[in-house]
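File shown: run-v2.txt. Contents: compact mmCIF, C-alpha atoms and all ligand atoms.
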# COMPACT_ATOMS: atom_id res chain seq x y z
CA MET D 1 -11.75 2.50 71.31
CA LYS D 2 -13.51 4.05 68.36
CA LYS D 3 -11.59 6.30 66.03
CA THR D 4 -12.60 9.94 65.88
CA LEU D 5 -13.54 11.65 62.62
CA SER D 6 -13.79 15.42 62.32
CA ILE D 7 -16.39 16.91 60.02
CA ILE D 8 -15.35 20.45 59.05
CA VAL D 9 -18.03 22.79 57.74
CA PRO D 10 -17.07 26.29 56.55
CA ILE D 11 -20.19 28.35 56.88
CA TYR D 12 -21.15 31.85 55.82
CA ASN D 13 -24.69 33.23 56.08
CA GLU D 14 -26.29 29.79 56.16
CA LYS D 15 -28.88 30.42 58.86
CA ALA D 16 -31.58 28.77 56.77
CA ASN D 17 -29.48 25.71 55.99
CA ILE D 18 -27.61 24.81 59.12
CA LEU D 19 -30.37 22.84 60.87
CA LEU D 20 -31.33 21.04 57.67
CA PHE D 21 -27.69 20.22 57.08
CA HIS D 22 -27.33 18.84 60.58
CA MET D 23 -30.52 16.81 60.16
CA ALA D 24 -29.26 15.31 56.92
CA LEU D 25 -25.85 14.57 58.37
CA ASN D 26 -27.01 12.94 61.57
CA PRO D 27 -28.45 9.66 60.26
CA ILE D 28 -25.36 9.16 58.10
CA LEU D 29 -23.02 9.52 61.06
CA GLU D 30 -25.29 7.33 63.19
CA ASN D 31 -24.53 4.38 60.96
CA LEU D 32 -20.77 4.75 61.04
CA PRO D 33 -18.67 3.12 63.76
CA TYR D 34 -16.76 6.24 64.76
CA ASP D 35 -16.85 9.06 67.24
CA PHE D 36 -17.46 12.37 65.54
CA GLU D 37 -16.83 15.99 66.09
CA ILE D 38 -18.61 18.45 63.81
CA ILE D 39 -16.70 21.72 63.59
CA PHE D 40 -18.61 24.63 62.11
CA VAL D 41 -16.31 27.46 61.12
CA ASP D 42 -18.48 30.55 61.00
CA ASP D 43 -16.75 32.76 58.50
CA GLY D 44 -18.05 36.08 59.86
CA SER D 45 -21.68 35.51 58.90
CA LEU D 46 -23.84 38.61 58.84
CA ASP D 47 -27.02 36.74 59.76
CA ASP D 48 -27.65 34.76 62.97
CA THR D 49 -25.80 31.67 61.78
CA ILE D 50 -23.69 31.64 64.92
CA ASP D 51 -26.78 31.64 67.17
CA GLU D 52 -28.11 28.63 65.28
CA ILE D 53 -24.79 26.89 65.80
CA LYS D 54 -24.79 27.70 69.50
CA LYS D 55 -28.32 26.28 69.80
CA LEU D 56 -27.09 23.11 68.09
CA THR D 57 -24.24 22.70 70.56
CA LYS D 58 -26.87 22.40 73.29
CA LYS D 59 -28.62 19.57 71.45
CA ASP D 60 -25.63 17.71 70.10
CA ILE D 61 -22.42 17.56 72.12
CA ARG D 62 -20.44 16.60 69.01
CA VAL D 63 -21.04 20.06 67.58
CA LYS D 64 -18.17 22.49 68.01
CA TYR D 65 -17.48 25.83 66.42
CA LEU D 66 -15.04 28.57 65.65
CA GLU D 67 -16.43 32.03 65.08
CA PHE D 68 -14.35 34.38 62.94
CA SER D 69 -14.36 38.09 63.73
CA ARG D 70 -15.21 38.84 60.10
CA ASN D 71 -15.41 37.16 56.70
CA PHE D 72 -12.01 35.73 55.81
CA GLY D 73 -13.17 33.52 52.96
CA LYS D 74 -13.85 29.83 52.65
CA GLU D 75 -10.22 28.91 52.03
CA THR D 76 -9.23 30.37 55.37
CA ALA D 77 -12.26 28.93 57.15
CA MET D 78 -11.30 25.44 55.99
CA THR D 79 -7.75 26.06 57.17
CA ALA D 80 -8.97 27.04 60.63
CA GLY D 81 -11.01 23.85 60.77
CA ILE D 82 -8.05 21.72 59.76
CA ASP D 83 -5.82 23.50 62.29
CA ASN D 84 -8.22 22.81 65.12
CA CYS D 85 -9.61 19.35 64.46
CA ARG D 86 -8.68 16.37 66.61
CA GLY D 87 -9.85 13.39 64.58
CA GLU D 88 -7.74 10.66 63.02
CA ALA D 89 -9.08 12.09 59.78
CA CYS D 90 -11.15 15.08 58.81
CA LEU D 91 -13.77 15.56 56.16
CA ILE D 92 -14.51 18.98 54.71
CA ILE D 93 -18.02 19.55 53.44
CA ASP D 94 -20.23 22.48 52.39
CA ALA D 95 -23.23 23.40 54.50
CA ASP D 96 -25.62 23.92 51.58
CA LEU D 97 -26.00 20.17 50.90
CA GLN D 98 -24.42 20.51 47.46
CA HIS D 99 -21.91 17.95 48.66
CA PRO D 100 -24.05 14.83 49.19
CA VAL D 101 -23.76 13.63 52.79
CA GLU D 102 -24.72 10.12 51.65
CA LEU D 103 -21.26 9.79 50.14
CA ILE D 104 -19.49 10.16 53.48
CA PRO D 105 -19.45 6.37 54.14
CA GLU D 106 -17.77 5.91 50.77
CA PHE D 107 -15.10 8.50 51.62
CA VAL D 108 -14.48 6.77 54.93
CA LYS D 109 -14.28 3.37 53.26
CA LYS D 110 -11.57 4.59 50.90
CA TRP D 111 -9.70 6.02 53.87
CA GLU D 112 -9.89 2.67 55.68
CA GLU D 113 -8.53 1.05 52.52
CA GLY D 114 -5.41 3.14 52.98
CA PHE D 115 -5.96 6.28 50.93
CA GLU D 116 -4.73 9.40 52.69
CA VAL D 117 -6.64 11.95 50.63
CA VAL D 118 -10.10 11.28 49.24
CA VAL D 119 -11.29 13.94 46.80
CA GLY D 120 -14.86 14.55 45.68
CA VAL D 121 -14.96 15.34 41.97
CA ARG D 122 -18.02 17.21 40.76
CA LYS D 123 -19.43 16.01 37.51
CA ARG D 124 -20.97 18.65 35.29
CA ASN D 125 -23.04 21.00 37.39
CA LYS D 126 -26.11 21.49 35.22
CA LYS D 127 -27.67 23.93 37.61
CA ALA D 128 -24.82 26.44 37.51
CA GLY D 129 -25.04 29.26 34.99
CA LEU D 130 -23.19 28.97 31.70
CA ILE D 131 -20.61 31.60 32.63
CA LYS D 132 -19.82 29.84 35.90
CA GLN D 133 -19.50 26.51 34.11
CA ILE D 134 -17.19 27.90 31.43
CA GLY D 135 -15.24 29.90 34.02
CA SER D 136 -14.79 26.87 36.23
CA TYR D 137 -13.72 24.71 33.27
CA LEU D 138 -11.18 27.30 32.13
CA PHE D 139 -9.92 27.71 35.70
CA TYR D 140 -9.03 24.03 36.02
CA LYS D 141 -7.56 23.86 32.52
CA ILE D 142 -5.35 26.90 33.09
CA ILE D 143 -4.25 25.70 36.52
CA ARG D 144 -3.29 22.35 35.05
CA ALA D 145 -1.40 23.98 32.22
CA ILE D 146 0.55 26.62 34.11
CA SER D 147 1.11 25.07 37.52
CA ASN D 148 4.82 25.06 38.40
CA GLU D 149 4.37 21.78 40.18
CA GLY D 150 3.68 19.86 37.02
CA LYS D 151 3.24 16.53 38.74
CA ILE D 152 0.26 17.48 40.83
CA LYS D 153 -2.64 17.59 38.46
CA MET D 154 -5.94 18.87 39.74
CA PRO D 155 -8.65 17.02 37.85
CA VAL D 156 -11.39 19.16 36.34
CA GLY D 157 -14.12 19.49 38.94
CA ALA D 158 -12.04 18.51 41.99
CA THR D 159 -13.79 20.14 44.94
CA ASP D 160 -13.15 20.94 48.58
CA PHE D 161 -15.32 17.97 49.50
CA ARG D 162 -12.36 15.99 50.81
CA LEU D 163 -11.20 13.63 53.48
CA LEU D 164 -7.70 14.01 54.89
CA ASP D 165 -5.82 11.53 57.01
CA ARG D 166 -4.07 12.75 60.17
CA VAL D 167 -0.64 12.66 58.47
CA VAL D 168 -1.96 14.98 55.77
CA ILE D 169 -3.51 17.27 58.37
CA GLU D 170 -0.20 17.59 60.21
CA GLU D 171 1.71 18.36 57.00
CA PHE D 172 -0.97 20.79 55.89
CA LYS D 173 -0.51 22.80 59.08
CA ARG D 174 3.02 23.64 58.00
CA PHE D 175 1.83 25.85 55.15
CA THR D 176 2.15 29.49 56.09
CA GLU D 177 0.86 31.32 53.02
CA ARG D 178 -2.05 33.60 53.70
CA SER D 179 -3.40 33.91 50.20
CA ARG D 180 -4.25 30.31 49.66
CA MET D 181 -6.26 27.83 47.71
CA THR D 182 -6.74 24.98 50.12
CA ARG D 183 -7.39 22.49 47.34
CA SER D 184 -4.18 23.14 45.50
CA LEU D 185 -2.16 23.07 48.72
CA ILE D 186 -3.58 19.65 49.55
CA ASP D 187 -2.79 18.49 46.02
CA TRP D 188 0.73 19.81 46.34
CA LEU D 189 1.30 17.65 49.40
CA GLY D 190 0.92 14.51 47.34
CA PHE D 191 0.05 11.37 49.36
CA ARG D 192 -2.08 8.50 48.17
CA ARG D 193 -5.13 10.11 46.56
CA ILE D 194 -8.36 8.69 45.25
CA PHE D 195 -11.26 10.41 43.55
CA ILE D 196 -14.97 9.93 44.07
CA ASP D 197 -17.37 11.37 41.50
CA PHE D 198 -20.56 13.05 42.57
CA GLU D 199 -23.39 15.09 41.10
CA ALA D 200 -23.71 18.48 42.74
CA ARG D 201 -27.28 19.14 43.78
CA GLU D 202 -28.97 22.45 43.66
CA ARG D 203 -28.08 24.70 46.56
CA LEU D 204 -30.51 24.31 49.45
CA ASN D 205 -31.39 27.89 50.41
CA GLY D 206 -30.12 31.20 49.16
CA LYS D 207 -27.66 31.98 46.42
CA SER D 208 -24.02 31.02 46.07
CA ARG D 209 -21.86 33.05 48.42
CA TYR D 210 -19.49 33.57 45.53
CA ASN D 211 -20.29 36.17 42.93
CA PHE D 212 -18.36 36.59 39.70
CA TRP D 213 -15.79 38.99 41.14
CA LYS D 214 -15.13 36.98 44.26
CA LEU D 215 -14.48 33.91 42.10
CA PHE D 216 -12.38 35.93 39.69
CA ARG D 217 -10.18 37.22 42.52
CA LEU D 218 -9.80 33.71 43.89
CA ALA D 219 -8.80 32.39 40.48
CA MET D 220 -6.28 35.20 39.98
CA SER D 221 -4.63 34.76 43.35
CA THR D 222 -4.46 31.02 42.73
CA PHE D 223 -2.71 31.53 39.40
CA VAL D 224 -0.19 33.78 41.12
CA SER D 225 0.43 31.33 43.92
CA VAL D 226 0.83 28.24 41.75
CA SER D 227 2.69 29.67 38.78
CA LEU D 228 5.29 32.16 37.72
CA LEU D 229 4.19 31.95 34.11
CA PRO D 230 2.19 35.23 34.05
CA LEU D 231 5.31 37.02 35.25
CA LYS D 232 7.52 35.37 32.67
CA LEU D 233 4.89 35.92 30.01
CA THR D 234 5.45 39.68 30.17
CA GLY D 235 9.06 39.09 29.13
CA TYR D 236 8.03 36.87 26.24
CA LEU D 237 5.39 39.37 25.29
CA GLY D 238 8.00 42.13 25.23
CA LEU D 239 10.21 40.02 22.99
CA PHE D 240 7.31 39.23 20.70
CA ILE D 241 6.24 42.88 20.46
CA THR D 242 9.75 44.03 19.72
CA LEU D 243 10.06 41.47 16.95
CA VAL D 244 6.67 42.24 15.41
CA ALA D 245 6.98 46.01 15.73
CA GLY D 246 10.56 45.87 14.50
CA SER D 247 9.72 43.76 11.45
CA PHE D 248 6.66 45.79 10.56
CA GLY D 249 8.58 49.05 11.00
CA SER D 250 11.43 47.81 8.84
CA TYR D 251 8.95 46.59 6.23
CA LEU D 252 7.23 50.00 6.10
CA PHE D 253 10.57 51.78 5.95
CA ILE D 254 11.96 49.62 3.16
CA SER D 255 8.80 49.58 1.07
CA LYS D 256 8.38 53.34 1.47
CA TYR D 257 11.86 54.44 0.62
CA PHE D 258 12.93 51.72 -1.79
CA PHE D 259 9.75 50.57 -3.51
CA ASP D 260 7.22 53.33 -2.76
CA THR D 261 4.12 51.08 -2.45
CA GLY D 262 0.66 52.61 -1.94
CA PHE D 263 0.11 50.62 1.24
CA ALA D 264 3.17 52.09 2.90
CA ARG D 265 2.30 55.62 1.74
CA SER D 266 -1.17 55.36 3.28
CA PHE D 267 0.41 55.34 6.76
CA SER D 268 1.29 58.89 7.71
CA GLY D 269 4.21 59.23 10.04
CA LEU D 270 1.89 60.40 12.79
CA ALA D 271 -0.44 57.41 12.37
CA GLN D 272 2.50 55.04 12.63
CA LEU D 273 3.69 56.75 15.75
CA ALA D 274 0.22 56.71 17.32
CA ILE D 275 -0.26 53.00 16.67
CA LEU D 276 3.15 52.28 18.07
CA LEU D 277 2.58 54.33 21.20
CA VAL D 278 -0.85 52.97 22.06
CA PHE D 279 0.50 49.50 21.53
CA LEU D 280 3.50 50.01 23.76
CA VAL D 281 1.57 51.77 26.50
CA GLY D 282 -0.82 48.82 26.60
CA ILE D 283 2.05 46.39 26.91
CA ILE D 284 3.71 48.36 29.64
CA LEU D 285 0.52 48.67 31.65
CA MET D 286 -0.15 44.98 31.31
CA SER D 287 3.32 44.11 32.45
CA LEU D 288 3.11 46.48 35.36
CA GLY D 289 -0.22 44.98 36.32
CA THR D 290 1.23 41.50 36.34
CA ILE D 291 4.23 42.55 38.37
CA ALA D 292 1.90 44.35 40.74
CA LEU D 293 0.01 41.10 41.28
CA TYR D 294 3.14 39.38 42.39
CA ILE D 295 4.28 42.25 44.56
CA ALA D 296 0.86 42.30 46.17
CA ASN D 297 1.25 38.63 46.88
CA ILE D 298 4.72 39.06 48.38
CA HIS D 299 3.46 42.04 50.33
CA GLY D 300 0.62 40.01 51.76
CA GLU D 301 2.97 37.24 52.80
CA VAL D 302 5.79 39.28 54.34
CA ARG D 303 3.45 41.33 56.52
CA ASN D 304 2.99 38.04 58.28
CA ARG D 305 -0.38 38.89 59.68
CA PRO D 306 -2.45 36.24 61.43
CA MET D 307 -4.34 34.18 58.93
CA TYR D 308 -7.64 34.55 60.74
CA VAL D 309 -9.07 36.11 63.88
CA ILE D 310 -11.41 34.22 66.17
CA ARG D 311 -14.10 35.88 68.25
CA SER D 312 -15.36 32.82 70.10
CA ARG D 313 -14.90 29.09 70.06
CA LYS D 314 -16.10 25.84 71.47
CA LEU D 315 -13.71 23.01 70.73
N1 LIG O 1 -18.45 29.93 52.55
C1 LIG O 1 -17.59 30.43 53.54
N2 LIG O 1 -17.05 31.68 53.37
C2 LIG O 1 -17.31 32.45 52.26
C3 LIG O 1 -18.14 31.91 51.25
C4 LIG O 1 -18.70 30.65 51.44
O1 LIG O 1 -17.34 29.77 54.55
O2 LIG O 1 -16.80 33.56 52.18
C5 LIG O 1 -19.05 28.58 52.74
C6 LIG O 1 -20.54 28.49 52.46
O3 LIG O 1 -21.30 28.77 53.61
C7 LIG O 1 -20.70 27.04 52.03
C8 LIG O 1 -19.40 26.76 51.30
O4 LIG O 1 -18.45 27.72 51.79
O5 LIG O 1 -20.82 26.15 53.14
C9 LIG O 1 -19.55 26.87 49.79
O6 LIG O 1 -20.04 28.14 49.45
P1 LIG O 1 -21.08 28.36 48.26
O7 LIG O 1 -22.12 27.29 48.29
O8 LIG O 1 -21.55 29.75 48.37
O9 LIG O 1 -20.13 28.20 46.99
P2 LIG O 1 -20.42 27.34 45.66
O10 LIG O 1 -21.05 26.06 46.08
O11 LIG O 1 -21.31 28.18 44.84
O12 LIG O 1 -19.05 27.16 45.08
MG MG O 2 -22.63 25.72 47.25

If you convert what's in this file into C-alpha cells, what do you get?
Ligand code: UDP
Ligand code: MG
Amino acid sequence: MKKTLSIIVPIYNEKANILLFHMALNPILENLPYDFEIIFVDDGSLDDTIDEIKKLTKKDIRVKYLEFSRNFGKETAMTAGIDNCRGEACLIIDADLQHPVELIPEFVKKWEEGFEVVVGVRKRNKKAGLIKQIGSYLFYKIIRAISNEGKIKMPVGATDFRLLDRVVIEEFKRFTERSRMTRSLIDWLGFRRIFIDFEARERLNGKSRYNFWKLFRLAMSTFVSVSLLPLKLTGYLGLFITLVAGSFGSYLFISKYFFDTGFARSFSGLAQLAILLVFLVGIILMSLGTIALYIANIHGEVRNRPMYVIRSRKL
C-alpha cells in the first residue's frame, strides 16, 4: 500500500499558469513512490481558472478542487485545502511556480526522516520591488519581536511552501479563528520542524495577487492576532506623554514665573495650548484606532460566520 500525499494549491486568477504548473508538477510526482491527490482551491477567481481546473480533472484523476463562492484570501484557501485533504501528509504550494516543484522530493525526504513540519524558507527575493522586500523584512522582524508566543520564532522568509504531517493537519483543524495567518498558526502548533532554503523564481504569468494594501491589511491583522503589544503600547504611550508634557509644562511654568527666560516667554499661552491639544488629540485618535483594531478582531470572531463558502467541489 502506497502512502497518499496531498498537494494543496491555493489559486486565484491563474488561468495562464495552471496548466504549466500541472505540467511542471507531473514529472516530479511521477518519480515519487506515493499516491497523490492534487487539490486546487479556487479562491473565487474572476477569470476562467475553474474551467481550466475542471478540464484538468478529466485528464488527471488525481486532480480535485474546491471552488469558493468569492475571494476569501489565500490564508483561507489554504485552510480549506488542509480541512479537506486525505493524505498522510499535505504539501502547500503556490500555483505561479515561485515555489520550485523540484524541491518536493526533498520536503518528502525530510518528512520520511521524521519531521512533522517542513518549511520552505525564501532566500532574498531579488525580483521583488524594494518596498516589498523592506516591508517583508520588517514584517518578520516585528512578528518575531512582538509575538506573545515567544518560543515560536518565524524565521525571516518562512513561506507557505510547507509540508504537514497528518498529526499536524488534525491539530490545525482545531483552530477556529477566522482572521488568520496560516503560517503563524502552524508555527504556534510546534512539532518537529525543519527548514529548507530556496530561491524564489520570478512569477510565471501575471502580477502578484497581493498589492501593497492587501499585504498591509494582512500584516496588521497578523500583528493583532499574535500580539497584544499594540494595545498595551497605547497605555505606555499615554504614560510617556503625560510625563513629557508634564515635565515640559512644569519647566515652562517655573522658568517663566521664577526665572523669566526668553525661551519661555516666546511661547504664548495660546501656542502652548494649541501644541498640547494637537498632541493629545493625536494620541487619543491613535489609541482609539488601536482599540478599534482589536474590537474589529473580536467582532469578526464572535459573529462566528463560516470561514469560507464553497460553490462546487470534487474531492
Ligand atoms: N492566491 C489566492 N488568493 C488570493 C491571492 C493569491 O489563493 O487572494 C494564490 C495565488 O493564486 C498563488 C498564491 O496564492 O497561487 C500566491 O499568490 P501570489 O503569487 O499572488 O503572492 P506572492 O507570491 O506575490 O506573495
Ligand atoms: Mg507568487

Show me, as CSV, the residues of chain D having an atom within 12 Å of ligand MG 2 (chain O), each with the closest atom pair and its distance in Å, using only C-alpha atoms and all ligand atoms.
residue,atom,partner,partner_atom,distance
D:Val9,CA,O:MG2,MG,11.8
D:Pro10,CA,O:MG2,MG,10.9
D:Ile11,CA,O:MG2,MG,10.3
D:Tyr12,CA,O:MG2,MG,10.6
D:Asn13,CA,O:MG2,MG,11.8
D:Glu14,CA,O:MG2,MG,10.5
D:Asn17,CA,O:MG2,MG,11.1
D:Lys74,CA,O:MG2,MG,11.1
D:Ile93,CA,O:MG2,MG,9.9
D:Asp94,CA,O:MG2,MG,6.5
D:Ala95,CA,O:MG2,MG,7.6
D:Asp96,CA,O:MG2,MG,5.6
D:Leu97,CA,O:MG2,MG,7.4
D:Gln98,CA,O:MG2,MG,5.5
D:His99,CA,O:MG2,MG,7.9
D:Pro100,CA,O:MG2,MG,11.2
D:Arg122,CA,O:MG2,MG,11.7
D:Asn125,CA,O:MG2,MG,10.9
D:Lys127,CA,O:MG2,MG,11.0
D:Ala128,CA,O:MG2,MG,10.0
D:Thr159,CA,O:MG2,MG,10.7
D:Asp160,CA,O:MG2,MG,10.7
D:Phe161,CA,O:MG2,MG,10.9
D:Ala200,CA,O:MG2,MG,8.6
D:Arg201,CA,O:MG2,MG,8.8
D:Glu202,CA,O:MG2,MG,8.0
D:Arg203,CA,O:MG2,MG,5.6
D:Leu204,CA,O:MG2,MG,8.3
D:Asn205,CA,O:MG2,MG,9.6
D:Gly206,CA,O:MG2,MG,9.5
D:Lys207,CA,O:MG2,MG,8.1
D:Ser208,CA,O:MG2,MG,5.6
D:Arg209,CA,O:MG2,MG,7.5
D:Tyr210,CA,O:MG2,MG,8.6
D:Asn211,CA,O:MG2,MG,11.5

Need the axis-aligned box for ligand LIG 1 (chain O) with 5 Å each side, so what are the centre and edges in Å to one decimal, as AutoDock Vina command-line options?
--center_x -19.5 --center_y 29.8 --center_z 49.7 --size_x 15.3 --size_y 17.5 --size_z 19.7

Rounded to one decimal place, report the CA of Ile104 in chain D-CA of Lys58 in chain D distance in Å.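 Calculated distance between CA of Ile104 in chain D and CA of Lys58 in chain D is 24.4 Å.
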
Need to verify the contact set: Glu171 in chain D, 12 Å, all atoms listed in the file, exclusion of same-chain residues closer than 2 positions in sequence. Can you return it as number ranges by chain? D: 82-83, 116, 164-169, 173-176, 185-191

With C-alpha atoms retained, export the selected residues as an mmCIF file, in the coordinates of the input.
data_model
loop_
_atom_site.group_PDB
_atom_site.id
_atom_site.type_symbol
_atom_site.label_atom_id
_atom_site.label_comp_id
_atom_site.auth_asym_id
_atom_site.auth_seq_id
_atom_site.Cartn_x
_atom_site.Cartn_y
_atom_site.Cartn_z
ATOM 1 C CA ILE D 82 -8.050 21.720 59.760
ATOM 2 C CA ASP D 83 -5.820 23.500 62.290
ATOM 3 C CA GLU D 116 -4.730 9.400 52.690
ATOM 4 C CA LEU D 164 -7.700 14.010 54.890
ATOM 5 C CA ASP D 165 -5.820 11.530 57.010
ATOM 6 C CA ARG D 166 -4.070 12.750 60.170
ATOM 7 C CA VAL D 167 -0.640 12.660 58.470
ATOM 8 C CA VAL D 168 -1.960 14.980 55.770
ATOM 9 C CA ILE D 169 -3.510 17.270 58.370
ATOM 10 C CA LYS D 173 -0.510 22.800 59.080
ATOM 11 C CA ARG D 174 3.020 23.640 58.000
ATOM 12 C CA PHE D 175 1.830 25.850 55.150
ATOM 13 C CA THR D 176 2.150 29.490 56.090
ATOM 14 C CA LEU D 185 -2.160 23.070 48.720
ATOM 15 C CA ILE D 186 -3.580 19.650 49.550
ATOM 16 C CA ASP D 187 -2.790 18.490 46.020
ATOM 17 C CA TRP D 188 0.730 19.810 46.340
ATOM 18 C CA LEU D 189 1.300 17.650 49.400
ATOM 19 C CA GLY D 190 0.920 14.510 47.340
ATOM 20 C CA PHE D 191 0.050 11.370 49.360
#

By how many Å are CA of Val63 in chain D and CA of Glu170 in chain D apart? 22.2 Å

Point out the residue among D:Ser247, D:Asn31, D:Thr290, D:Ser268 with the least atom-to-atom distance to Leu233 in chain D, counting only C-alpha atoms.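 Looking at the shortest contact to Leu233 in chain D, the residue is D:Thr290.
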
Determine the nearest neighbour of ligand LIG 1 (chain O) from the options D:Gly73, D:Gly87, D:Gly238, D:Gly300, counting only C-alpha atoms and all ligand atoms.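 Among the listed residues, the smallest separation from ligand LIG 1 (chain O) belongs to D:Gly73.
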
Top pick for closest residue to Thr234 in chain D, considering D:Val281, D:Tyr257, D:Ser287, D:Gly269 and counting all atoms listed in the file: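 Answer, going by the shortest atom-to-atom distance: D:Ser287.
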
Given all atoms listed in the file as the counted atoms, nearest of D:Lys123, D:Lys141, D:Arg180, D:Lys55 to Ala77 in chain D: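 Comparing D:Lys123, D:Lys141, D:Arg180, D:Lys55 against Ala77 in chain D, the winner is D:Arg180.
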
Near-Val309 in chain D list (10 Å; all atoms listed in the file; drop same-chain fewer than 5 positions) as a PyMOL selection string: chain D and resi 43-44+66-72+80

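If you measure from each of D:Lys2, D:Asp51, D:Ala158, D:Ala296 to ligand LIG 1 (chain O) using all atoms listed in the file, the closest one turns out to be D:Ala158.
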
Of the candidates D:Gly249, D:Gly129, D:Pro27, D:Gly81, which shows the shortest atom-to-atom distance to Glu102 in chain D, using all atoms listed in the file? D:Pro27

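Between CA of Phe240 in chain D and CA of Ala264 in chain D the interatomic distance comes to 22.3 Å.
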